[in-house]
Amino acid sequence: MTKDSILYGSSLIEYEIEYVQRKTLGITVHPDGTVTLKAPVDATLEDIQKKVRHRAAWILRQKRYFESFGTPTTERQYISGESHLYLGRQYMLRIKEGKTNTVHYQNNILEIECQNKKEAGKVLQLWYLERAQIKFPEYAKPIIEQFAAYGVQPKSLSVRKMEKRWGYCTTDGDIFLNPRLICAPRCCIEYVITHELCHLVHRNHTKEFYALLSKEMPHWEKWKNKLERMMI
């Protein structure tokens with residue numbers, strides 16, 4: 001591995017280069033923010049830097065995307081009076097002991113009834129997961145129908161806990177969505193779904209990919225930025 005860097009505007013982009021038997025340069029931005037390149041064995045450092053500079057805006061977007069999963073500065077205590085999100089709206093928790101483990105919401109109150117108040121966090125997270133399993137397919141259905149025009153359809157759409165991604169599309173066409181998205185507004189969830197469906201048409205984040213994303217969701221950047229700012 002060879003280390004190198006370029007300055008793009010005021011941002012320093014550092015990366016590692018691995019020379020392999022291939023014809024084109026491959027760039028990967030990892031969830032921890034590191035950047036690795038796979039370059040043809042005969043590529044010069046000047047050529048590599050030129051191509052990295054050409055992809056610099058995309059690299060920085062990917063780094064910001066992963067940074068949006070920052071760890072909250074205040075650890076959740078799951079006590080009455082604490083504020084929590086559901087579908088982009090702030091709710092105040094009300095914890096009470098009861099015979100069952102249930103969650104109800106009305107007006108600005110999110111009420112958790114549990115047999116043991118110490119289990120309130122687990123009860124809420126389970127409820128979030130159950131709501132995600134209901135709402136995500138509901139939101140995805142019309143978008144999937146919309147993408148039928150391109151001759152594609154996901155093999156499956158399900159919920160999976162992920163530390164560093166909002167969504168993921170496999171090469172086989174399985175789409176996974178992070179259950180934490182249930183805290184975000186509907187348009188943010190629809191943005192992630194649309195983003196992953198675009199990968200069924202264009203596997204990589206190419207110009208064609210973003211052109212399709214902009215066509216299917218013209219204001220996607222607004223919702224992507226809102227999702228990143230929420231830091232959920």
# chains A, B, ... in the order shown; residues from 1 in each chain; ligands from 1
>>> residues_around(residues="stretch 92-99 of chain A", least_positions_apart="5", cutoff="8 Å", atoms="only C-alpha atoms", output="PyMOL selection string")
chain A and resi 78-84+108-117+120
>>> select_by_dssp(residues="stretch 55-182 of chain A", states="alpha helix (DSSP H)", output="PyMOL selection string")
chain A and resi 56-67+120-147
>>> residues_around(residues="stretch 180-197 of chain A", least_positions_apart="4", cutoff="7 Å", atoms="only C-alpha atoms", output="compact mmCIF listing (two decimals) with N, CA, C and O atoms, in the first residue's frame")
# COMPACT_ATOMS: atom_id res chain seq x y z
N LEU A 85 -37.74 10.88 18.55
CA LEU A 85 -38.32 11.10 17.22
C LEU A 85 -39.11 9.89 16.75
O LEU A 85 -38.78 8.74 17.04
N TYR A 86 -40.15 10.17 15.95
CA TYR A 86 -40.85 9.14 15.20
C TYR A 86 -41.38 9.79 13.93
O TYR A 86 -42.13 10.77 14.00
N LEU A 87 -40.93 9.29 12.78
CA LEU A 87 -41.29 9.83 11.46
C LEU A 87 -41.06 11.34 11.38
O LEU A 87 -41.87 12.09 10.84
N GLY A 88 -39.95 11.77 11.96
CA GLY A 88 -39.52 13.16 11.85
C GLY A 88 -40.13 14.10 12.87
O GLY A 88 -39.80 15.29 12.90
N TYR A 128 -40.00 0.51 17.48
CA TYR A 128 -39.44 1.15 16.29
C TYR A 128 -39.25 0.11 15.17
O TYR A 128 -39.58 0.36 14.01
N ALA A 132 -41.08 0.07 11.57
CA ALA A 132 -40.28 0.10 10.34
C ALA A 132 -40.71 -1.02 9.39
O ALA A 132 -40.81 -0.82 8.17
N TYR A 139 -44.30 2.66 2.15
CA TYR A 139 -43.72 3.79 1.43
C TYR A 139 -43.04 3.33 0.13
O TYR A 139 -43.00 4.07 -0.86
N ALA A 140 -42.49 2.13 0.15
CA ALA A 140 -41.73 1.63 -1.00
C ALA A 140 -42.61 1.20 -2.16
O ALA A 140 -42.20 1.27 -3.33
N ILE A 143 -43.07 3.53 -5.15
CA ILE A 143 -41.78 3.82 -5.77
C ILE A 143 -41.29 2.63 -6.58
O ILE A 143 -40.76 2.78 -7.68
N TRP A 166 -27.66 3.80 5.81
CA TRP A 166 -29.11 3.95 5.90
C TRP A 166 -29.79 2.87 5.09
O TRP A 166 -30.89 2.43 5.42
N GLY A 167 -29.15 2.47 4.00
CA GLY A 167 -29.73 1.44 3.15
C GLY A 167 -28.64 0.73 2.39
O GLY A 167 -27.49 1.20 2.31
N TYR A 168 -28.98 -0.42 1.83
CA TYR A 168 -28.00 -1.21 1.09
C TYR A 168 -28.71 -2.08 0.07
O TYR A 168 -29.77 -2.66 0.36
N CYS A 169 -28.16 -2.17 -1.13
CA CYS A 169 -28.71 -3.00 -2.19
C CYS A 169 -27.66 -4.01 -2.62
O CYS A 169 -26.54 -3.64 -3.00
N ILE A 175 -32.85 -5.42 -1.06
CA ILE A 175 -32.69 -4.10 -0.47
C ILE A 175 -32.94 -4.18 1.03
O ILE A 175 -33.95 -4.73 1.48
N LEU A 213 -31.50 9.44 -10.24
CA LEU A 213 -31.99 9.81 -8.92
C LEU A 213 -32.68 11.17 -8.97
O LEU A 213 -33.75 11.36 -8.38
N TRP A 220 -33.97 15.37 -4.05
CA TRP A 220 -33.36 14.35 -3.18
C TRP A 220 -32.28 14.93 -2.27
O TRP A 220 -32.13 14.50 -1.12
N TRP A 223 -33.57 16.21 1.09
CA TRP A 223 -33.91 15.19 2.07
C TRP A 223 -32.69 14.43 2.56
O TRP A 223 -32.63 14.01 3.71
N LYS A 224 -31.71 14.28 1.70
CA LYS A 224 -30.45 13.66 2.12
C LYS A 224 -29.77 14.55 3.17
O LYS A 224 -29.30 14.05 4.20
N LEU A 227 -31.58 14.37 6.47
CA LEU A 227 -31.30 13.10 7.13
C LEU A 227 -29.93 13.16 7.81
O LEU A 227 -29.76 12.70 8.95
N ILE A 232 -29.42 10.75 13.56
CA ILE A 232 -30.18 9.78 14.38
C ILE A 232 -29.46 8.45 14.44
O ILE A 232 -28.64 8.14 13.63
>>> residues_around(residues="A:His54", least_positions_apart="4", cutoff="12 Å", atoms="only C-alpha atoms", output="PyMOL selection string")
chain A and resi 6-8+25+27+47-50+58-60
>>> write_last_selection(atoms="N, CA, C and O atoms", output="compact mmCIF listing (two decimals), in the first residue's frame")
# COMPACT_ATOMS: atom_id res chain seq x y z
N ILE A 6 -4.44 14.60 -1.73
CA ILE A 6 -4.60 15.80 -2.56
C ILE A 6 -5.37 16.83 -1.75
O ILE A 6 -6.09 16.49 -0.81
N LEU A 7 -5.23 18.08 -2.12
CA LEU A 7 -5.99 19.16 -1.50
C LEU A 7 -7.07 19.58 -2.47
O LEU A 7 -6.80 19.96 -3.61
N TYR A 8 -8.32 19.45 -2.04
CA TYR A 8 -9.47 19.83 -2.89
C TYR A 8 -10.19 20.96 -2.18
O TYR A 8 -10.88 20.74 -1.18
N LEU A 25 -9.14 2.68 -12.58
CA LEU A 25 -8.94 3.01 -11.17
C LEU A 25 -10.24 2.82 -10.40
O LEU A 25 -11.29 3.30 -10.81
N ILE A 27 -12.17 3.41 -6.70
CA ILE A 27 -12.10 4.19 -5.46
C ILE A 27 -13.17 3.70 -4.50
O ILE A 27 -14.35 3.58 -4.87
N ASP A 47 -1.30 10.48 -12.79
CA ASP A 47 -2.59 10.05 -13.34
C ASP A 47 -3.58 9.76 -12.22
O ASP A 47 -4.77 10.10 -12.32
N ILE A 48 -3.10 9.11 -11.17
CA ILE A 48 -3.97 8.77 -10.04
C ILE A 48 -4.50 10.03 -9.37
O ILE A 48 -5.69 10.15 -9.08
N GLN A 49 -3.62 10.99 -9.12
CA GLN A 49 -4.03 12.24 -8.48
C GLN A 49 -5.05 12.98 -9.34
O GLN A 49 -6.01 13.56 -8.81
N LYS A 50 -4.86 12.94 -10.65
CA LYS A 50 -5.79 13.61 -11.55
C LYS A 50 -7.18 12.99 -11.46
O LYS A 50 -8.19 13.69 -11.41
N TRP A 58 -17.38 13.64 -5.12
CA TRP A 58 -18.08 12.40 -4.75
C TRP A 58 -17.49 11.79 -3.49
O TRP A 58 -18.21 11.34 -2.60
N ILE A 59 -16.15 11.78 -3.39
CA ILE A 59 -15.49 11.22 -2.20
C ILE A 59 -15.92 11.96 -0.95
O ILE A 59 -16.25 11.35 0.07
N LEU A 60 -15.96 13.28 -1.01
CA LEU A 60 -16.35 14.08 0.15
C LEU A 60 -17.82 13.86 0.51
O LEU A 60 -18.18 13.85 1.69
>>> closest_residue(among="A:Arg203, A:Lys118, A:Glu130, A:Leu45", to="A:Pro179", atoms="only C-alpha atoms")
A:Glu130
>>> select_by_dssp(residues="stretch 165-203 of chain A", states="strand (DSSP E or B)", output="PyMOL selection string")
chain A and resi 167-169+174-177
>>> write_last_selection(atoms="N, CA and C atoms", output="short mmCIF file (atom, residue, chain, number, x, y, z; two decimals), in the first residue's frame")
data_model
loop_
_atom_site.label_atom_id
_atom_site.label_comp_id
_atom_site.auth_asym_id
_atom_site.auth_seq_id
_atom_site.Cartn_x
_atom_site.Cartn_y
_atom_site.Cartn_z
N GLY A 167 -29.15 2.47 4.00
CA GLY A 167 -29.73 1.44 3.15
C GLY A 167 -28.64 0.73 2.39
N TYR A 168 -28.98 -0.42 1.83
CA TYR A 168 -28.00 -1.21 1.09
C TYR A 168 -28.71 -2.08 0.07
N CYS A 169 -28.16 -2.17 -1.13
CA CYS A 169 -28.71 -3.00 -2.19
C CYS A 169 -27.66 -4.01 -2.62
N ASP A 174 -31.48 -7.57 -3.43
CA ASP A 174 -32.11 -7.49 -2.11
C ASP A 174 -31.81 -6.11 -1.51
N ILE A 175 -32.85 -5.42 -1.06
CA ILE A 175 -32.69 -4.10 -0.47
C ILE A 175 -32.94 -4.18 1.03
N PHE A 176 -31.98 -3.62 1.80
CA PHE A 176 -32.10 -3.58 3.25
C PHE A 176 -32.15 -2.13 3.70
N LEU A 177 -33.02 -1.83 4.64
CA LEU A 177 -33.15 -0.48 5.17
C LEU A 177 -32.89 -0.49 6.67
#
>>> closest_residue(among="A:Thr100, A:Arg64, A:Thr28, A:Pro137", to="A:Glu119", atoms="only C-alpha atoms")
A:Thr100
>>> closest_residue(among="A:Asn107, A:Thr2, A:Ser156, A:Thr171", to="A:Ile17", atoms="only C-alpha atoms")
A:Thr2
>>> atom_distance(atom1="atom CA of A:Lys155", atom2="atom CA of A:Asn204")
18.4 Å
>>> atom_distance(atom1="atom CA of A:Phe147", atom2="atom CA of A:Ala211")
14.2 Å
>>> closest_residue(among="A:Val20, A:Leu126, A:Ala56, A:Leu157", to="A:Asp42", atoms="only C-alpha atoms")
A:Val20
